[in-house]
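Engineer: So that you have it, the file is protein-v8.csv, and it contains CSV, C-alpha atoms:
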```csv
chain,number,residue,atom,x,y,z
N,85,ARG,CA,88.4,-10.7,206.1
N,86,MET,CA,89.8,-11.7,209.5
N,87,ASP,CA,89.9,-15.4,210.4
N,88,TYR,CA,90.8,-15.7,214.0
N,89,PRO,CA,93.1,-16.0,215.7
N,90,THR,CA,95.7,-14.3,213.4
N,91,VAL,CA,94.9,-14.8,209.7
N,92,THR,CA,93.5,-12.3,207.3
N,93,GLN,CA,92.1,-13.4,203.9
N,94,ASP,CA,92.6,-11.6,200.6
N,95,ARG,CA,89.3,-11.5,198.8
N,96,SER,CA,90.7,-10.1,195.5
N,97,GLY,CA,91.5,-13.6,194.2
N,98,ARG,CA,95.3,-12.9,194.1
N,99,GLY,CA,96.1,-15.0,197.2
N,100,THR,CA,98.1,-12.4,199.1
N,101,HIS,CA,96.7,-13.5,202.4
N,102,GLY,CA,98.2,-11.9,205.5
N,103,ARG,CA,98.0,-11.6,209.3
N,104,ARG,CA,96.7,-9.4,212.1
N,105,VAL,CA,99.0,-8.3,214.8
N,106,GLY,CA,98.1,-7.0,218.2
N,107,TRP,CA,94.4,-7.0,218.9
N,108,PRO,CA,92.4,-5.2,216.1
N,109,ILE,CA,88.8,-5.9,216.9
N,110,LEU,CA,85.7,-6.2,214.8
N,111,THR,CA,83.1,-3.6,215.5
N,112,GLN,CA,80.0,-2.0,213.9
N,113,PRO,CA,80.5,-2.0,210.1
N,114,LEU,CA,80.9,1.3,208.4
N,115,VAL,CA,79.5,0.1,205.1
N,116,ASP,CA,77.4,-3.1,204.9
N,117,THR,CA,76.6,-6.0,202.6
N,118,PRO,CA,75.1,-9.4,203.3
N,119,ASP,CA,78.6,-11.0,203.9
N,120,SER,CA,79.8,-8.2,206.2
N,121,GLN,CA,81.9,-9.0,209.3
N,122,GLY,CA,82.1,-5.5,210.5
N,123,SER,CA,84.8,-2.8,210.5
N,124,VAL,CA,88.1,-3.1,212.2
N,125,ARG,CA,89.0,-0.9,215.2
N,126,PHE,CA,92.7,0.0,215.8
N,127,GLY,CA,94.0,1.8,218.8
N,128,GLU,CA,96.9,0.3,220.7
N,129,GLN,CA,100.4,0.7,219.4
N,130,GLY,CA,101.5,-2.2,217.2
N,131,THR,CA,97.9,-3.1,216.2
N,132,PHE,CA,97.5,-3.6,212.5
N,133,ILE,CA,96.5,-5.9,209.6
N,134,ARG,CA,99.0,-6.7,207.0
N,135,SER,CA,98.8,-8.6,203.7
N,136,GLY,CA,101.5,-11.0,202.5
N,137,ASP,CA,104.3,-9.7,200.4
N,138,ILE,CA,103.3,-9.3,196.7
N,139,PRO,CA,105.1,-11.0,193.8
N,140,THR,CA,106.7,-9.0,191.1
N,141,THR,CA,103.8,-9.9,188.8
N,142,HIS,CA,101.3,-8.2,191.1
N,143,PRO,CA,99.8,-5.1,189.5
N,144,ALA,CA,100.9,-3.0,192.5
N,145,TYR,CA,104.6,-3.9,192.2
N,146,ALA,CA,105.5,-1.4,189.6
N,147,ALA,CA,102.3,0.6,189.3
N,148,THR,CA,103.0,4.2,188.2
N,149,ALA,CA,99.3,5.0,188.4
N,150,TRP,CA,97.1,3.8,191.2
N,151,THR,CA,94.2,4.4,193.6
N,152,LEU,CA,93.9,3.7,197.4
N,153,GLU,CA,90.4,3.7,198.8
N,154,ALA,CA,88.9,3.1,202.2
N,155,TRP,CA,86.2,4.1,204.8
N,156,VAL,CA,87.4,5.5,208.1
N,157,ARG,CA,86.1,6.7,211.4
N,158,PRO,CA,88.7,8.5,213.5
N,159,ILE,CA,88.1,8.1,217.2
N,160,GLY,CA,90.9,10.2,218.7
N,161,LEU,CA,94.2,12.0,218.2
N,162,ASN,CA,97.0,9.9,216.7
N,163,PRO,CA,100.5,9.7,218.1
N,164,ALA,CA,103.7,11.0,216.4
N,165,TRP,CA,103.8,10.4,212.7
N,166,GLY,CA,100.0,10.1,212.4
N,167,GLY,CA,98.0,7.0,211.9
N,168,GLN,CA,97.9,4.9,208.7
N,169,ILE,CA,94.4,4.2,207.3
N,170,PHE,CA,95.6,2.0,204.4
N,171,GLY,CA,98.6,1.8,202.2
N,172,ARG,CA,101.8,-0.1,201.4
N,173,ASP,CA,103.9,-1.4,204.3
N,174,GLY,CA,107.5,-0.4,204.7
N,175,PHE,CA,107.6,2.8,202.6
N,176,ASP,CA,105.4,5.8,202.1
N,177,CYS,CA,102.4,5.3,199.9
N,178,ARG,CA,99.4,5.7,202.1
N,179,ILE,CA,96.3,7.5,203.3
N,180,GLN,CA,96.6,8.6,206.9
N,181,VAL,CA,95.0,10.6,209.7
N,182,ALA,CA,97.7,13.0,210.8
N,183,THR,CA,98.4,14.0,214.4
N,184,ASP,CA,96.2,17.1,214.0
N,185,LEU,CA,93.3,14.9,212.6
N,186,LYS,CA,93.8,16.0,209.0
N,187,ILE,CA,93.2,13.2,206.5
N,188,GLN,CA,96.2,13.1,204.1
N,189,ALA,CA,97.6,11.2,201.1
N,190,LEU,CA,101.3,10.6,201.0
N,191,VAL,CA,103.8,9.1,198.5
N,192,ARG,CA,107.6,8.9,198.6
N,193,ASP,CA,109.6,8.6,195.4
N,194,THR,CA,112.9,6.9,194.6
N,195,GLU,CA,114.9,10.0,195.6
N,196,ASP,CA,113.3,9.9,199.1
N,197,VAL,CA,111.2,13.0,198.4
N,198,LEU,CA,107.9,12.8,200.3
N,199,VAL,CA,104.9,14.4,198.6
N,200,VAL,CA,101.8,15.1,200.8
N,201,ALA,CA,98.3,16.1,199.7
N,202,SER,CA,96.6,17.6,202.7
N,203,PRO,CA,93.4,19.7,203.1
N,204,ALA,CA,93.2,22.7,205.4
N,205,TRP,CA,90.5,21.2,207.6
N,206,ALA,CA,90.6,18.5,210.3
N,207,ALA,CA,88.4,15.4,210.6
N,208,ASN,CA,85.8,15.2,213.3
N,209,PRO,CA,86.3,12.3,215.7
N,210,GLY,CA,83.4,9.8,215.4
N,211,GLN,CA,82.4,10.9,211.9
N,212,ILE,CA,82.6,8.4,209.0
N,213,TYR,CA,84.6,9.4,205.9
N,214,HIS,CA,85.1,7.8,202.5
N,215,VAL,CA,88.7,8.5,201.5
N,216,ALA,CA,90.6,7.9,198.2
N,217,ALA,CA,94.1,8.8,197.0
N,218,THR,CA,95.2,8.7,193.3
N,219,LEU,CA,98.6,9.1,191.7
N,220,ASP,CA,98.7,9.5,187.9
N,221,GLY,CA,102.5,10.1,187.6
N,222,SER,CA,102.2,13.9,187.8
N,223,PHE,CA,99.8,14.6,190.6
N,224,LEU,CA,98.8,13.1,194.0
N,225,ARG,CA,95.2,13.8,194.7
N,226,LEU,CA,93.1,13.3,197.9
N,227,TYR,CA,89.3,12.8,197.8
N,228,VAL,CA,87.1,12.9,200.8
N,229,ASP,CA,83.4,11.9,200.5
N,230,GLY,CA,83.7,12.0,196.7
N,231,LYS,CA,85.1,15.5,196.6
N,232,LEU,CA,88.7,16.6,195.6
N,233,GLU,CA,90.1,18.1,198.7
N,234,ALA,CA,93.9,18.4,198.0
N,235,THR,CA,96.4,18.1,195.1
N,236,ALA,CA,100.2,17.9,195.2
N,237,ALA,CA,102.6,17.8,192.2
N,238,PHE,CA,104.6,14.6,191.8
N,239,SER,CA,107.6,14.6,189.5
N,240,GLY,CA,109.6,11.6,190.8
N,241,LEU,CA,109.6,7.9,190.1
N,242,SER,CA,107.4,5.5,192.0
N,243,ILE,CA,109.1,2.9,194.2
N,244,GLN,CA,109.0,-0.7,193.1
N,245,SER,CA,108.6,-3.1,196.0
N,246,THR,CA,107.2,-6.4,197.1
N,247,ALA,CA,106.0,-4.9,200.4
N,248,GLY,CA,102.4,-5.8,201.1
N,249,PHE,CA,99.5,-3.6,202.2
N,250,ALA,CA,98.7,-2.6,205.7
N,251,ALA,CA,95.8,-1.1,207.5
N,252,GLY,CA,96.0,0.5,211.0
N,253,ASN,CA,99.7,0.9,211.1
N,254,ALA,CA,102.8,0.9,208.9
N,255,ASP,CA,106.5,0.0,209.0
N,256,ASN,CA,105.6,-3.5,210.4
N,257,GLY,CA,103.6,-2.0,213.2
N,258,GLU,CA,106.4,0.3,214.6
N,259,THR,CA,105.0,3.7,213.6
N,260,LYS,CA,101.9,5.5,212.2
N,261,GLN,CA,99.4,3.9,214.6
N,262,LEU,CA,95.8,4.8,213.8
N,263,ARG,CA,93.2,5.3,216.4
N,264,GLY,CA,89.9,4.6,214.6
N,265,ASP,CA,87.8,2.2,212.6
N,266,VAL,CA,88.6,1.1,209.0
N,267,ASP,CA,86.5,-0.6,206.4
N,268,GLU,CA,86.5,-1.6,202.8
N,269,CYS,CA,90.2,-1.1,201.9
N,270,VAL,CA,90.9,-1.4,198.2
N,271,PHE,CA,93.9,-0.9,195.9
N,272,TYR,CA,93.5,-0.3,192.2
N,273,ALA,CA,96.4,-0.4,189.7
N,274,ARG,CA,94.8,2.5,187.8
N,275,VAL,CA,93.6,6.0,188.5
N,276,LEU,CA,89.9,6.1,189.3
N,277,SER,CA,88.1,9.2,188.0
N,278,GLN,CA,86.5,11.7,190.3
N,279,GLU,CA,83.1,10.4,189.0
N,280,GLU,CA,84.0,6.8,189.9
N,281,ILE,CA,85.1,7.9,193.4
N,282,ALA,CA,82.0,9.9,193.9
N,283,GLN,CA,79.9,6.9,192.8
N,284,HIS,CA,81.6,4.7,195.3
N,285,HIS,CA,81.0,7.2,198.1
N,286,LEU,CA,77.3,7.5,197.2
N,287,ALA,CA,76.9,3.7,196.8
N,288,GLY,CA,78.3,3.3,200.3
N,289,ARG,CA,76.1,5.7,202.1
N,290,GLY,CA,73.4,3.9,203.9
N,291,ARG,CA,75.2,0.6,203.6
N,292,ARG,CA,77.8,-1.0,205.8
N,293,GLN,CA,80.4,-3.5,204.8
N,294,VAL,CA,83.9,-4.8,205.6
N,295,LYS,CA,86.2,-5.9,202.7
N,296,HIS,CA,89.9,-5.9,202.5
N,297,SER,CA,91.0,-6.3,198.9
N,298,TRP,CA,94.7,-6.2,198.5
```
Could you write out this file's structure as structure tokens?

Structural biologist:
Amino acid sequence: RMDYPTVTQDRSGRGTHGRRVGWPILTQPLVDTPDSQGSVRFGEQGTFIRSGDIPTTHPAYAATAWTLEAWVRPIGLNPAWGGQIFGRDGFDCRIQVATDLKIQALVRDTEDVLVVASPAWAANPGQIYHVAATLDGSFLRLYVDGKLEATAAFSGLSIQSTAGFAAGNADNGETKQLRGDVDECVFYARVLSQEEIAQHHLAGRGRRQVKHSW
């Protein structure tokens, strides 16, 4: 959650608290629970939320199988490089809204090969989407609203890094600026099944909540 003026709190219990930069604002939540603060709106360049760096003992440090999950409402075209919804900061492991409004999953391996899972369709500005990306060591998969929308083969090695997580932007706020609202960002150090992802989507419909779990 965001504790003004600049602090963000990690609610996973692992203590990787972070900071907000620029002026991300709280707005109408996308998915709601009793402790909801609201979703976070990003727009201006250099506006993002970042967790603290993670220790080498964190499940994300050397994870070869993982899931990223979030809710997003794009509100306009993104600048060059697209806009990061949620992912690691400083290297490519993220879900983004591209410059053409396509929702994409991306991962870069240790040989600097970038793998992209991208659907053929573009998102509608103002529409709320549940998004999830999974990597199982062989395939990068993108799910939108509980449905598998894109798959890309992955044969490289995942990067090990202490870089934290970021929502709204990447590379310490210098690139990949999102224009839109983000809610309920979660990282799992395992691959969620399509059934689990579909259940999360269905459970979130009709509710509104903000939760940043790093």

Engineer: Please provide the set of residues having any atom within 7 Å of Phe126 (chain N), restricted to all atoms listed in the file, with same-chain residues fewer than 6 positions apart removed, written as a list in words.

Structural biologist: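 Once the nearby chain positions are removed, what remains is Pro108, Phe132, Gly252, Leu262, Arg263, Gly264 and Asp265 of chain N.
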
Engineer: Would you list the contacts of Ala146 (chain N) as a VMD selection string, taking every protein, DNA or RNA residue within 9 Å and counting all atoms listed in the file, but skipping same-chain residues closer than 6 positions in sequence?

Structural biologist: chain N and resid 140 242 to 245

Engineer: CA of Arg225 (chain N) and CA of Gln211 (chain N) are how many Å apart?

Structural biologist: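 Taking CA of Arg225 (chain N) as the start and CA of Gln211 (chain N) as the end point, the length is 21.6 Å.
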
Engineer: Could you check which of N:Thr218, N:Asn253, N:Gln180, N:Thr148 is closest to Ile281 (chain N), using all atoms listed in the file?

Structural biologist: N:Thr218

Engineer: Name the closest residue to Ser123 (chain N) among the candidates N:Ile212, N:Val200, N:Ala237, N:Ala287; distances are taken between atoms, counting all atoms listed in the file.

Structural biologist: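 Answer, going by the shortest atom-to-atom distance: N:Ile212.
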
Engineer: Can you pull out the residues contacting Ser277 (chain N)? Cut-off 12 Å, using all atoms listed in the file, and skip same-chain residues under 2 positions away; I want them as a list in words.

Structural biologist: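 In the requested form, the answer reads Ala149, Trp150, Thr151, Ala216, Ala217, Thr218, Leu219, Asp220, Arg225, Leu226, Tyr227, Gly230, Lys231, Leu232, Tyr272, Arg274, Val275, Glu279, Glu280, Ile281, Ala282, Gln283 and His284 of chain N.
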
Engineer: So what do you get for CA of Ala250 (chain N) versus CA of Ala204 (chain N), distance-wise?

Structural biologist: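 Answer for the CA of Ala250 (chain N) to CA of Ala204 (chain N) separation: 25.9 Å.
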
Engineer: Counting all atoms listed in the file, which of N:Val270, N:Gln261, N:Phe223, N:Ile133 gets nearest to Trp165 (chain N)?

Structural biologist: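 Counting all atoms listed in the file, the residue closest to Trp165 (chain N) is N:Gln261.
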
Engineer: As a ChimeraX atom specification, please: the residues near Gly166 (chain N) (cut-off 7 Å, all atoms listed in the file, same-chain neighbours under 2 positions excluded).

Structural biologist: /N:162-164,168,180-183,260-262

Engineer: Given all atoms listed in the file as the basis, pick out the residue of N:Ala206, N:Gly248, N:Arg172, N:Val266 nearest to Lys186 (chain N).

Structural biologist: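 Checking each candidate against Lys186 (chain N), we get N:Ala206 as the closest.
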
Engineer: I want to know what sits within 10 Å of Trp205 (chain N), based on only C-alpha atoms, with residues of the same chain fewer than 3 positions away left out; could you give that as a PyMOL selection string?

Structural biologist: chain N and resi 184-187+202+208+233

Engineer: Please determine, counting only C-alpha atoms, which residue among N:Arg192, N:Thr131, N:Asp137, N:Gly210 has the shortest atom-to-atom distance to Leu161 (chain N).

Structural biologist: N:Gly210

Engineer: With all atoms listed in the file as the atoms that count, which of N:Gly127, N:Leu276, N:Thr235, N:Thr141 lies nearest to Gly167 (chain N)?

Structural biologist: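 Nearest candidate to Gly167 (chain N) out of N:Gly127, N:Leu276, N:Thr235, N:Thr141: N:Gly127.
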
Engineer: Have a look at CA of Tyr213 (chain N) and CA of Ala147 (chain N) and let me know their distance in Å, one decimal.

Structural biologist: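 Going from CA of Tyr213 (chain N) over to CA of Ala147 (chain N), I get 25.8 Å.
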
Engineer: Starting from the incomplete input, reconstruct N, CA, C and O atoms of region 212-234 of chain N and report them as a compact mmCIF listing (two decimals), in the coordinates of the input.

Structural biologist:
```
# COMPACT_ATOMS: atom_id res chain seq x y z
N ILE N 212 82.17 9.31 210.03
CA ILE N 212 82.60 8.40 209.00
C ILE N 212 82.95 9.11 207.73
O ILE N 212 82.18 9.96 207.27
N TYR N 213 84.11 8.77 207.13
CA TYR N 213 84.60 9.40 205.90
C TYR N 213 84.90 8.32 204.85
O TYR N 213 85.47 7.27 205.19
N HIS N 214 84.57 8.59 203.61
CA HIS N 214 85.10 7.80 202.50
C HIS N 214 86.30 8.54 201.95
O HIS N 214 86.23 9.74 201.65
N VAL N 215 87.44 7.85 201.86
CA VAL N 215 88.70 8.50 201.50
C VAL N 215 89.30 7.75 200.28
O VAL N 215 89.20 6.53 200.17
N ALA N 216 89.94 8.50 199.40
CA ALA N 216 90.60 7.90 198.20
C ALA N 216 91.80 8.78 197.87
O ALA N 216 91.73 10.02 197.97
N ALA N 217 92.89 8.13 197.47
CA ALA N 217 94.10 8.80 197.00
C ALA N 217 94.43 8.27 195.62
O ALA N 217 94.39 7.05 195.41
N THR N 218 94.77 9.15 194.68
CA THR N 218 95.20 8.70 193.30
C THR N 218 96.52 9.32 192.99
O THR N 218 96.83 10.45 193.37
N LEU N 219 97.31 8.56 192.24
CA LEU N 219 98.60 9.10 191.70
C LEU N 219 98.58 8.71 190.21
O LEU N 219 98.44 7.54 189.84
N ASP N 220 98.74 9.72 189.36
CA ASP N 220 98.70 9.50 187.90
C ASP N 220 100.12 9.71 187.29
O ASP N 220 100.25 9.72 186.06
N GLY N 221 101.15 9.84 188.12
CA GLY N 221 102.50 10.10 187.60
C GLY N 221 102.90 11.54 187.66
O GLY N 221 104.09 11.87 187.64
N SER N 222 101.91 12.43 187.73
CA SER N 222 102.20 13.90 187.80
C SER N 222 101.59 14.53 189.02
O SER N 222 102.14 15.52 189.51
N PHE N 223 100.46 14.00 189.49
CA PHE N 223 99.80 14.60 190.60
C PHE N 223 99.29 13.55 191.60
O PHE N 223 98.79 12.50 191.18
N LEU N 224 99.43 13.85 192.89
CA LEU N 224 98.80 13.10 194.00
C LEU N 224 97.57 13.81 194.38
O LEU N 224 97.62 15.01 194.70
N ARG N 225 96.44 13.12 194.39
CA ARG N 225 95.20 13.80 194.70
C ARG N 225 94.49 13.03 195.86
O ARG N 225 94.53 11.81 195.93
N LEU N 226 93.85 13.81 196.72
CA LEU N 226 93.10 13.30 197.90
C LEU N 226 91.63 13.63 197.70
O LEU N 226 91.29 14.80 197.50
N TYR N 227 90.78 12.62 197.82
CA TYR N 227 89.30 12.80 197.80
C TYR N 227 88.73 12.39 199.11
O TYR N 227 89.10 11.35 199.65
N VAL N 228 87.82 13.19 199.61
CA VAL N 228 87.10 12.90 200.80
C VAL N 228 85.61 13.00 200.55
O VAL N 228 85.16 14.05 200.08
N ASP N 229 84.87 11.91 200.80
CA ASP N 229 83.40 11.90 200.50
C ASP N 229 83.11 12.30 199.10
O ASP N 229 82.17 13.06 198.84
N GLY N 230 83.94 11.80 198.17
CA GLY N 230 83.70 12.00 196.70
C GLY N 230 84.16 13.32 196.19
O GLY N 230 84.04 13.57 194.99
N LYS N 231 84.71 14.20 197.03
CA LYS N 231 85.10 15.50 196.60
C LYS N 231 86.65 15.66 196.62
O LYS N 231 87.29 15.19 197.55
N LEU N 232 87.22 16.31 195.59
CA LEU N 232 88.70 16.60 195.60
C LEU N 232 88.99 17.60 196.63
O LEU N 232 88.49 18.73 196.59
N GLU N 233 89.84 17.22 197.60
CA GLU N 233 90.10 18.10 198.70
C GLU N 233 91.57 18.62 198.71
O GLU N 233 91.86 19.65 199.33
N ALA N 234 92.50 17.93 198.02
CA ALA N 234 93.90 18.40 198.00
C ALA N 234 94.62 17.77 196.83
O ALA N 234 94.34 16.64 196.42
```
